[in-house]
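Novice: Here you go, one structure.
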Amino acid sequence: MADLTTTFLGITSPNPFWLASAPPTDKEYNVRRAFEAGWGGVVWKTLGSEGPPVVNVNGPRYGAIWGADRRLLGLNNIELITDRDLHRNLEEITRVKKDYPDRAVIVSIMVPCEEEAWKAILPLVEATGADGIELNFGCPHGMAERGMGSAVGQVPEYIQMVTEWCKTYYSKPVIVKLTPNITDVRYPARAAFRGNADAVSLINTINSITSVNLDAMSPEPMIDGKGTHGGYCGPAVKPIAMNMVAEIARDPETTGKPISAIGGVTTWRDAAEFMALGAGNVQVCTAAMTYGFKVVQEMISGLSQWMDEKGYTSTQDFIGMAVPNVTDWQYLNLNYVTKAKIDQEACIKCGRCYAACEDTSHQAIEMSADRVFTVKDEDCVACNLCVNVCPIEGCISMEELALGALDERTGETVKPYANWTTHPNNPDAVTAAE
């Protein structure tokens, strides 16, 4: 059996699945239930400074985007950081870590961007025995309006400065949680590591309005007739998160630096994909809020089975394996040739491929009088649209054709896209031209 034991920043947990800082990790009761269900670690919901408590709204806090089958695709959240007393949280963290020494317990923190504020809270957190801290530089709503959260995460100089303070006043690992609400995520990541961060985690939620009530003419969730932007999360944000993780993993200035991946992890496959792109572990929120804490058991069994099938004995065996294959468009081989192929036995003759290609693509699919659909190789540019719109998985596939080989469907020799000796968009990138 594959060993899912994961060591991240010297912190060992029985598996790479951690709960992200969010409502599921707001108090001791929840965290104990999570650990009993099998989660490898938690990031405790963000703590704030001593003083007047944070006040959350007492109306709806979530908006949603659903698929046609009512499956939750995206969640919009307007909840702020914890509204529970700081010292009560610290006491609970202390008890949980004592009772679950084999699980990772990280404490998320967000306080004003002042050295004294960080200097005051860090010793209190360290006294709990927690394994590390995560600096919440990502929250896009409410707290950002107070000069915290993404308001800090959008300024690399602030990220570096606060990280340096934390490394001065705290002795355990410091993880910097990055906001996706920025043009290029590499710059805040570089700033975090310049400040001696031990790792970065990403992505935090994306600024969003998920829907508008057309009767009240207000964004939802609606509080007394008004709404606000919130943080978007869930399966819908996974592609954005994977790209940002990959960009940091392959950036020469941050290559090899530890990354904790967040954003739409719902299955073991999601986790494996993030880890192949360089993440040392993954954090989960929306999946737990949708299906309950026991969803982690499917993640654990699925990842273990896949690793066994692939011959991986440890998660370290495949972490980062996909990173060398992430490249810029200009380095792609323009002489790689594929054509669409339709499995006639699997085809249900719905015509989606034909409609999509005929109306919006390259008119490369032909429909006969009795609704048999065939690909015209001479017009097919291998865009893959037909594969994506076909409702039958595996019915349409992309078949690679070797240069110089005979295309049996056309009777012609497969020719290269162009006889480039260098790439047309990058003269320094040599292609495999004939």
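Naming works like this for the structure tokens: A, B, ... for the chains as they're shown, residue 1 at the start of each chain, ligands 1 onward in shown order.
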Need the shell around A:Val245: protein/DNA/RNA residues with any atom at most 9 Å away, counting only C-alpha atoms. Skip same-chain ones fewer than 6 positions apart. Format as a compact mmCIF listing (two decimals) with N, CA and C atoms, in the first residue's frame?
Specialist:
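Listing of out10.txt after writing:
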# COMPACT_ATOMS: atom_id res chain seq x y z
N VAL A 185 0.91 36.47 -10.04
CA VAL A 185 1.09 35.91 -8.70
C VAL A 185 2.55 35.66 -8.36
N SER A 201 0.92 29.48 0.33
CA SER A 201 -0.29 28.72 0.06
C SER A 201 -1.16 29.56 -0.86
N LEU A 202 -1.85 28.91 -1.77
CA LEU A 202 -2.68 29.61 -2.75
C LEU A 202 -3.56 28.59 -3.47
N ILE A 203 -4.75 29.11 -3.90
CA ILE A 203 -5.14 30.51 -3.92
C ILE A 203 -6.15 30.76 -2.80
N ILE A 259 5.00 24.70 -1.54
CA ILE A 259 3.69 25.26 -1.88
C ILE A 259 2.60 24.38 -1.29
N SER A 260 1.62 25.02 -0.66
CA SER A 260 0.42 24.33 -0.22
C SER A 260 -0.70 24.81 -1.14
N ALA A 261 -1.32 23.88 -1.88
CA ALA A 261 -2.27 24.26 -2.92
C ALA A 261 -3.70 24.29 -2.40
N ILE A 262 -4.44 25.30 -2.82
CA ILE A 262 -5.83 25.50 -2.42
C ILE A 262 -6.62 25.92 -3.66
N PHE A 274 -2.64 18.89 -8.49
CA PHE A 274 -1.94 20.00 -7.84
C PHE A 274 -0.54 19.57 -7.40
N LEU A 277 1.93 19.42 -10.03
CA LEU A 277 2.35 20.76 -10.43
C LEU A 277 3.21 21.44 -9.37
N GLY A 278 3.63 20.69 -8.35
CA GLY A 278 4.61 21.23 -7.42
C GLY A 278 4.14 21.46 -6.00
N ALA A 279 2.88 21.16 -5.70
CA ALA A 279 2.39 21.37 -4.33
C ALA A 279 2.80 20.23 -3.43
Novice: Can you pull out the residues contacting A:Ala405? Cut-off 10 Å, using only C-alpha atoms, and skip same-chain residues under 4 positions away; I want them as an MDAnalysis selection string.
Specialist: chainID A and resid 401 411:415
Novice: Write out, as a compact mmCIF listing (two decimals), in the first residue's frame, the residues just selected, with N, CA and C atoms.
Specialist:
# COMPACT_ATOMS: atom_id res chain seq x y z
N LEU A 401 -0.76 11.89 -35.84
CA LEU A 401 -0.30 11.43 -37.14
C LEU A 401 1.17 11.80 -37.29
N GLY A 411 -5.41 9.45 -47.93
CA GLY A 411 -4.50 8.92 -48.93
C GLY A 411 -3.32 9.81 -49.21
N GLU A 412 -3.13 10.84 -48.37
CA GLU A 412 -2.04 11.78 -48.55
C GLU A 412 -1.00 11.63 -47.45
N THR A 413 0.21 12.09 -47.74
CA THR A 413 1.27 12.08 -46.76
C THR A 413 1.06 13.19 -45.75
N VAL A 414 1.25 12.87 -44.46
CA VAL A 414 1.10 13.89 -43.42
C VAL A 414 2.23 14.88 -43.52
N LYS A 415 1.87 16.14 -43.68
CA LYS A 415 2.87 17.19 -43.85
C LYS A 415 2.97 18.02 -42.58
Novice: Which value, in Å to one decimal, gives the distance between atom CA of A:Ser208 and atom CA of A:Gln283?
Specialist: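 Rounded to one decimal, the two atoms are 20.8 Å apart.
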Novice: Could you give me, as JSON lines, every stretch 240-289 of chain A residue with an atom at most 12 Å from stretch 24-33 of chain A, plus its closest atom pair and distance in Å to one decimal, counting only C-alpha atoms, rows ordered by chain then number?
Specialist:
{"residue": "A:Gln283", "atom": "CA", "partner": "A:Thr25", "partner_atom": "CA", "distance": 11.7}
{"residue": "A:Val284", "atom": "CA", "partner": "A:Pro24", "partner_atom": "CA", "distance": 9.7}
{"residue": "A:Cys285", "atom": "CA", "partner": "A:Pro24", "partner_atom": "CA", "distance": 7.2}
{"residue": "A:Thr286", "atom": "CA", "partner": "A:Pro24", "partner_atom": "CA", "distance": 9.2}
{"residue": "A:Ala287", "atom": "CA", "partner": "A:Pro24", "partner_atom": "CA", "distance": 10.5}
{"residue": "A:Ala288", "atom": "CA", "partner": "A:Pro24", "partner_atom": "CA", "distance": 7.6}
{"residue": "A:Met289", "atom": "CA", "partner": "A:Pro24", "partner_atom": "CA", "distance": 7.1}
Novice: Keeping only C-alpha atoms, write those residues as a PDB file, in the first residue's frame.
Specialist:
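What landed in result.pdb:
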ATOM      1  CA  GLN A 283      -6.010  22.379   1.489  1.00  0.00           C
ATOM      2  CA  VAL A 284      -9.753  21.786   1.121  1.00  0.00           C
ATOM      3  CA  CYS A 285     -12.800  23.819   2.097  1.00  0.00           C
ATOM      4  CA  THR A 286     -15.782  23.796  -0.264  1.00  0.00           C
ATOM      5  CA  ALA A 287     -15.806  20.009  -0.715  1.00  0.00           C
ATOM      6  CA  ALA A 288     -16.049  19.555   3.055  1.00  0.00           C
ATOM      7  CA  MET A 289     -18.796  22.168   3.287  1.00  0.00           C
TER       8      MET A 289
END
Novice: List the neighbours of stretch 213-223 of chain A out to 8 Å using only C-alpha atoms; skip same-chain residues closer than 3 positions along the sequence, and give me the result as a PyMOL selection string.
Specialist: chain A and resi 57+59-63+209-210+226-228
Novice: Take the residues from that selection and write them out as a compact mmCIF listing (two decimals), in the first residue's frame, keeping C-alpha atoms.
Specialist:
# COMPACT_ATOMS: atom_id res chain seq x y z
CA VAL A 57 -23.64 39.51 9.30
CA GLY A 59 -28.17 37.06 7.22
CA PRO A 60 -27.09 34.86 4.33
CA ARG A 61 -23.32 34.56 3.97
CA TYR A 62 -23.04 32.41 0.86
CA GLY A 63 -24.00 32.69 -2.76
CA ILE A 209 -20.56 38.58 -7.33
CA THR A 210 -22.27 35.29 -8.14
CA LYS A 226 -28.13 45.17 -0.35
CA GLY A 227 -25.28 42.87 -1.30
CA THR A 228 -21.52 43.00 -1.62
Novice: For a quick check of understanding, using only C-alpha atoms, which of A:Ala199, A:Lys172, A:Pro252, A:Arg70 has the smallest distance to A:Pro123?
Specialist: A:Lys172
Novice: Could you write out, as a list in words, all the residues of stretch 117-200 of chain A that DSSP marks as strand (DSSP E)?
Specialist: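 Strand (DSSP E) members of stretch 117-200 of chain A, listed: Gly132, Ile133, Glu134, Leu135, Asn136, Val174, Ile175, Val176, Lys177, Ala199 and Val200 of chain A.
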Novice: Since we have the selection now, will you write its residues out, keeping C-alpha atoms, as an mmCIF file, in the first residue's frame?
Specialist:
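Output below, filename selection_21.cif:
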data_model
loop_
_atom_site.group_PDB
_atom_site.id
_atom_site.type_symbol
_atom_site.label_atom_id
_atom_site.label_comp_id
_atom_site.auth_asym_id
_atom_site.auth_seq_id
_atom_site.Cartn_x
_atom_site.Cartn_y
_atom_site.Cartn_z
ATOM 1 C CA GLY A 132 3.032 26.822 12.362
ATOM 2 C CA ILE A 133 1.166 29.885 11.172
ATOM 3 C CA GLU A 134 -0.405 30.998 7.919
ATOM 4 C CA LEU A 135 -0.494 34.716 7.169
ATOM 5 C CA ASN A 136 -3.859 35.561 5.617
ATOM 6 C CA VAL A 174 5.529 30.641 8.436
ATOM 7 C CA ILE A 175 3.244 30.074 5.449
ATOM 8 C CA VAL A 176 2.103 33.075 3.407
ATOM 9 C CA LYS A 177 -1.378 32.732 1.893
ATOM 10 C CA ALA A 199 6.132 28.298 2.155
ATOM 11 C CA VAL A 200 3.300 29.924 0.273
#
Novice: Find the residues around stretch 315-319 of chain A up to 12 Å (only C-alpha atoms counted), leave out those fewer than 3 positions away in its own chain, and share them as a PyMOL selection string.
Specialist: chain A and resi 2-8+14-17+246+249+256+258-261+271-282+300+303-304+306-308+310-312+322-324
Novice: Could those selected residues go to a file with N, CA and C atoms, as a short mmCIF file (atom, residue, chain, number, x, y, z; two decimals), in the first residue's frame?
Specialist:
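That gives us again.cif:
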data_model
loop_
_atom_site.label_atom_id
_atom_site.label_comp_id
_atom_site.auth_asym_id
_atom_site.auth_seq_id
_atom_site.Cartn_x
_atom_site.Cartn_y
_atom_site.Cartn_z
N ALA A 2 0.44 2.24 -0.78
CA ALA A 2 1.17 3.50 -0.81
C ALA A 2 1.11 4.17 0.56
N ASP A 3 2.18 4.85 0.91
CA ASP A 3 2.25 5.57 2.17
C ASP A 3 1.90 7.03 1.91
N LEU A 4 0.77 7.48 2.44
CA LEU A 4 0.34 8.86 2.22
C LEU A 4 0.91 9.83 3.24
N THR A 5 1.73 9.32 4.16
CA THR A 5 2.34 10.20 5.16
C THR A 5 3.09 11.32 4.45
N THR A 6 2.83 12.55 4.86
CA THR A 6 3.39 13.71 4.20
C THR A 6 4.14 14.58 5.20
N THR A 7 5.33 14.97 4.83
CA THR A 7 6.09 15.91 5.65
C THR A 7 6.22 17.21 4.89
N PHE A 8 5.63 18.25 5.44
CA PHE A 8 5.61 19.57 4.81
C PHE A 8 6.18 20.57 5.80
N PRO A 14 -0.59 12.37 8.56
CA PRO A 14 -0.82 11.04 7.99
C PRO A 14 -1.23 11.04 6.52
N ASN A 15 -1.62 12.18 6.00
CA ASN A 15 -1.95 12.30 4.58
C ASN A 15 -1.82 13.76 4.18
N PRO A 16 -1.84 14.05 2.86
CA PRO A 16 -1.62 15.43 2.42
C PRO A 16 -2.86 16.30 2.42
N PHE A 17 -3.97 15.79 2.98
CA PHE A 17 -5.23 16.53 2.92
C PHE A 17 -5.44 17.34 4.20
N ALA A 246 1.37 26.46 -10.69
CA ALA A 246 2.39 26.10 -11.67
C ALA A 246 3.33 27.26 -11.97
N ALA A 249 5.77 27.39 -9.20
CA ALA A 249 6.63 26.20 -9.20
C ALA A 249 7.69 26.26 -10.29
N GLY A 256 11.19 25.04 -6.59
CA GLY A 256 11.57 24.17 -5.48
C GLY A 256 11.11 24.65 -4.12
N PRO A 258 8.48 25.38 -1.14
CA PRO A 258 7.26 24.65 -0.72
C PRO A 258 5.98 25.42 -1.02
N ILE A 259 5.00 24.70 -1.54
CA ILE A 259 3.69 25.26 -1.88
C ILE A 259 2.60 24.38 -1.29
N SER A 260 1.62 25.02 -0.66
CA SER A 260 0.42 24.33 -0.22
C SER A 260 -0.70 24.81 -1.14
N ALA A 261 -1.32 23.88 -1.88
CA ALA A 261 -2.27 24.26 -2.92
C ALA A 261 -3.70 24.29 -2.40
N ALA A 271 -6.26 16.59 -6.09
CA ALA A 271 -5.07 16.69 -5.25
C ALA A 271 -3.83 16.23 -5.99
N ALA A 272 -3.93 15.10 -6.69
CA ALA A 272 -2.78 14.57 -7.43
C ALA A 272 -2.32 15.54 -8.51
N GLU A 273 -3.26 16.22 -9.17
CA GLU A 273 -2.90 17.18 -10.20
C GLU A 273 -2.15 18.36 -9.61
N PHE A 274 -2.64 18.89 -8.49
CA PHE A 274 -1.94 20.00 -7.84
C PHE A 274 -0.54 19.57 -7.40
N MET A 275 -0.43 18.37 -6.86
CA MET A 275 0.86 17.91 -6.37
C MET A 275 1.82 17.66 -7.53
N ALA A 276 1.31 17.16 -8.65
CA ALA A 276 2.16 17.00 -9.83
C ALA A 276 2.69 18.34 -10.32
N LEU A 277 1.93 19.42 -10.03
CA LEU A 277 2.35 20.76 -10.43
C LEU A 277 3.21 21.44 -9.37
N GLY A 278 3.63 20.69 -8.35
CA GLY A 278 4.61 21.23 -7.42
C GLY A 278 4.14 21.46 -6.00
N ALA A 279 2.88 21.16 -5.70
CA ALA A 279 2.39 21.37 -4.33
C ALA A 279 2.80 20.23 -3.43
N GLY A 280 3.21 20.56 -2.21
CA GLY A 280 3.58 19.53 -1.25
C GLY A 280 2.39 18.92 -0.56
N ASN A 281 1.30 19.65 -0.49
CA ASN A 281 0.04 19.14 0.05
C ASN A 281 -1.09 19.99 -0.50
N VAL A 282 -2.33 19.68 -0.09
CA VAL A 282 -3.47 20.46 -0.55
C VAL A 282 -4.35 20.83 0.63
N ILE A 300 -8.56 9.87 0.36
CA ILE A 300 -7.46 9.04 0.83
C ILE A 300 -7.41 7.72 0.08
N LEU A 303 -6.49 8.29 -3.75
CA LEU A 303 -5.09 8.62 -3.99
C LEU A 303 -4.20 7.42 -3.73
N SER A 304 -4.50 6.66 -2.68
CA SER A 304 -3.71 5.47 -2.36
C SER A 304 -3.79 4.44 -3.48
N TRP A 306 -4.55 4.93 -6.67
CA TRP A 306 -3.86 5.44 -7.87
C TRP A 306 -2.34 5.30 -7.72
N MET A 307 -1.82 5.63 -6.54
CA MET A 307 -0.39 5.52 -6.31
C MET A 307 0.06 4.06 -6.43
N ASP A 308 -0.74 3.14 -5.89
CA ASP A 308 -0.41 1.72 -6.03
C ASP A 308 -0.35 1.31 -7.49
N LYS A 310 0.28 3.12 -10.04
CA LYS A 310 1.41 3.76 -10.72
C LYS A 310 2.77 3.32 -10.17
N GLY A 311 2.75 2.61 -9.05
CA GLY A 311 3.99 2.18 -8.45
C GLY A 311 4.66 3.23 -7.57
N TYR A 312 3.90 4.25 -7.19
CA TYR A 312 4.44 5.27 -6.29
C TYR A 312 4.28 4.80 -4.84
N ALA A 322 5.03 17.16 -13.13
CA ALA A 322 4.47 17.82 -14.31
C ALA A 322 5.08 19.18 -14.58
N VAL A 323 5.82 19.72 -13.63
CA VAL A 323 6.33 21.08 -13.77
C VAL A 323 7.23 21.26 -15.00
N PRO A 324 8.15 20.33 -15.30
CA PRO A 324 8.99 20.53 -16.50
C PRO A 324 8.20 20.57 -17.80
#
Novice: With only C-alpha atoms as the atoms that count, which of A:Tyr232, A:Trp118, A:Phe137, A:Phe35 lies nearest to A:Asp99?
Specialist: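 The shortest atom-to-atom distance to A:Asp99 comes from A:Phe35.
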Novice: Could you give me, as a PyMOL selection string, the residues within 12 Å of A:Pro52, counting only C-alpha atoms and dropping anything in the same chain fewer than 5 positions from it?
Specialist: chain A and resi 83-86
Novice: Excluding A:Gly38 and any residue of its chain fewer than 2 positions from it, enumerate the residues within 7 Å of it, using only C-alpha atoms, and give them as a PyMOL selection string.
Specialist: chain A and resi 34-36+40+296-297
Novice: So which residues of stretch 133-266 of chain A fall under helix (DSSP H, G or I) by DSSP, listed as a VMD selection string?
Specialist: chain A and resid 144 to 146 150 to 153 156 to 169 186 to 194 235 to 250
Novice: Generate a file of the selected residues that holds N, CA and C atoms, formatted as a CSV table (one decimal), in the first residue's frame.
Specialist:
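Writing done, so here's part.csv:
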chain,number,residue,atom,x,y,z
A,144,ALA,N,-10.3,43.4,3.8
A,144,ALA,CA,-9.4,44.2,2.8
A,144,ALA,C,-9.8,45.7,2.9
A,145,GLU,N,-11.1,46.0,3.2
A,145,GLU,CA,-11.5,47.4,3.4
A,145,GLU,C,-11.0,48.0,4.6
A,146,ARG,N,-10.4,47.2,5.5
A,146,ARG,CA,-9.8,47.7,6.7
A,146,ARG,C,-8.2,47.7,6.6
A,150,SER,N,-6.4,40.9,1.4
A,150,SER,CA,-5.8,41.1,0.1
A,150,SER,C,-5.2,42.5,-0.1
A,151,ALA,N,-5.6,43.4,0.8
A,151,ALA,CA,-5.0,44.8,0.7
A,151,ALA,C,-3.5,44.7,1.0
A,152,VAL,N,-3.1,43.8,1.8
A,152,VAL,CA,-1.7,43.5,2.0
A,152,VAL,C,-1.1,42.6,0.9
A,153,GLY,N,-1.9,41.6,0.5
A,153,GLY,CA,-1.4,40.6,-0.4
A,153,GLY,C,-1.2,41.2,-1.8
A,156,PRO,N,3.6,43.6,-2.9
A,156,PRO,CA,4.7,42.8,-2.5
A,156,PRO,C,5.6,43.3,-1.4
A,157,GLU,N,5.8,44.6,-1.3
A,157,GLU,CA,6.6,45.2,-0.3
A,157,GLU,C,6.0,44.9,1.1
A,158,TYR,N,4.7,45.0,1.2
A,158,TYR,CA,4.0,44.7,2.5
A,158,TYR,C,4.1,43.3,2.9
A,159,ILE,N,4.0,42.4,1.9
A,159,ILE,CA,4.2,41.0,2.1
A,159,ILE,C,5.5,40.7,2.7
A,160,GLN,N,6.5,41.2,2.1
A,160,GLN,CA,7.9,40.9,2.6
A,160,GLN,C,8.1,41.5,4.0
A,161,MET,N,7.6,42.7,4.2
A,161,MET,CA,7.8,43.4,5.5
A,161,MET,C,7.1,42.6,6.6
A,162,VAL,N,5.9,42.2,6.4
A,162,VAL,CA,5.1,41.5,7.5
A,162,VAL,C,5.7,40.1,7.7
A,163,THR,N,6.1,39.4,6.6
A,163,THR,CA,6.8,38.1,6.7
A,163,THR,C,8.0,38.2,7.6
A,164,GLU,N,8.8,39.2,7.3
A,164,GLU,CA,10.1,39.4,8.1
A,164,GLU,C,9.7,39.6,9.6
A,165,TRP,N,8.7,40.4,9.9
A,165,TRP,CA,8.3,40.5,11.3
A,165,TRP,C,8.0,39.2,11.9
A,166,CYS,N,7.2,38.4,11.2
A,166,CYS,CA,6.8,37.1,11.7
A,166,CYS,C,8.0,36.1,11.9
A,167,LYS,N,8.9,36.2,11.0
A,167,LYS,CA,10.1,35.3,11.2
A,167,LYS,C,11.0,35.8,12.3
A,168,THR,N,10.8,37.1,12.7
A,168,THR,CA,11.6,37.6,13.8
A,168,THR,C,11.0,37.2,15.1
A,169,TYR,N,9.7,37.2,15.2
A,169,TYR,CA,9.0,37.0,16.5
A,169,TYR,C,8.3,35.7,16.6
A,186,ARG,N,3.4,35.7,-9.3
A,186,ARG,CA,4.8,35.4,-9.1
A,186,ARG,C,5.5,36.5,-8.2
A,187,TYR,N,5.0,37.7,-8.4
A,187,TYR,CA,5.6,38.8,-7.6
A,187,TYR,C,5.3,38.8,-6.1
A,188,PRO,N,4.1,38.5,-5.7
A,188,PRO,CA,3.9,38.3,-4.2
A,188,PRO,C,4.6,37.1,-3.7
A,189,ALA,N,4.7,36.0,-4.5
A,189,ALA,CA,5.3,34.8,-4.1
A,189,ALA,C,6.8,35.1,-3.8
A,190,ARG,N,7.4,35.8,-4.8
A,190,ARG,CA,8.8,36.2,-4.6
A,190,ARG,C,9.1,37.0,-3.4
A,191,ALA,N,8.1,38.0,-3.1
A,191,ALA,CA,8.2,38.8,-2.0
A,191,ALA,C,8.2,38.0,-0.7
A,192,ALA,N,7.3,37.0,-0.6
A,192,ALA,CA,7.1,36.2,0.5
A,192,ALA,C,8.4,35.5,0.8
A,193,PHE,N,9.1,34.9,-0.2
A,193,PHE,CA,10.3,34.2,0.0
A,193,PHE,C,11.5,35.1,0.3
A,194,ARG,N,11.4,36.3,-0.2
A,194,ARG,CA,12.5,37.3,0.2
A,194,ARG,C,12.3,37.7,1.6
A,235,PRO,N,-15.1,24.1,-7.0
A,235,PRO,CA,-14.5,23.4,-8.2
A,235,PRO,C,-14.3,24.4,-9.4
A,236,ALA,N,-15.1,25.5,-9.5
A,236,ALA,CA,-14.9,26.4,-10.6
A,236,ALA,C,-13.6,27.1,-10.6
A,237,VAL,N,-13.0,27.3,-9.4
A,237,VAL,CA,-11.7,28.1,-9.4
A,237,VAL,C,-10.5,27.2,-9.6
A,238,LYS,N,-10.6,25.9,-9.7
A,238,LYS,CA,-9.5,25.0,-9.7
A,238,LYS,C,-8.5,25.3,-10.9
A,239,PRO,N,-9.0,25.6,-12.1
A,239,PRO,CA,-8.1,25.9,-13.2
A,239,PRO,C,-7.3,27.1,-13.0
A,240,ILE,N,-7.9,28.1,-12.3
A,240,ILE,CA,-7.1,29.3,-12.0
A,240,ILE,C,-6.1,29.0,-11.0
A,241,ALA,N,-6.4,28.3,-10.0
A,241,ALA,CA,-5.5,27.9,-8.9
A,241,ALA,C,-4.3,27.1,-9.5
A,242,MET,N,-4.6,26.1,-10.3
A,242,MET,CA,-3.6,25.3,-10.9
A,242,MET,C,-2.6,26.1,-11.7
A,243,ASN,N,-3.1,27.0,-12.4
A,243,ASN,CA,-2.1,27.8,-13.2
A,243,ASN,C,-1.2,28.7,-12.3
A,244,MET,N,-1.8,29.2,-11.2
A,244,MET,CA,-1.0,30.0,-10.3
A,244,MET,C,0.0,29.2,-9.6
A,245,VAL,N,-0.4,28.0,-9.2
A,245,VAL,CA,0.6,27.1,-8.5
A,245,VAL,C,1.7,26.8,-9.4
A,246,ALA,N,1.4,26.5,-10.7
A,246,ALA,CA,2.4,26.1,-11.7
A,246,ALA,C,3.3,27.3,-12.0
A,247,GLU,N,2.8,28.5,-12.0
A,247,GLU,CA,3.6,29.6,-12.3
A,247,GLU,C,4.7,29.8,-11.2
A,248,ILE,N,4.3,29.6,-10.0
A,248,ILE,CA,5.3,29.7,-8.9
A,248,ILE,C,6.3,28.6,-8.9
A,249,ALA,N,5.8,27.4,-9.2
A,249,ALA,CA,6.6,26.2,-9.2
A,249,ALA,C,7.7,26.3,-10.3
A,250,ARG,N,7.4,26.9,-11.4
A,250,ARG,CA,8.4,26.9,-12.5
A,250,ARG,C,9.1,28.3,-12.6
Novice: With only C-alpha atoms as the atoms that count, which of A:Ala127, A:Ala197, A:Val107, A:Ala22 lies nearest to A:Thr94?
Specialist: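 Comparing A:Ala127, A:Ala197, A:Val107, A:Ala22 against A:Thr94, the winner is A:Ala127.
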Novice: Which of these, A:Tyr336, A:Trp44, A:Trp329, A:Phe373, has the shortest distance to A:Gly404 once you count only C-alpha atoms?
Specialist: A:Tyr336
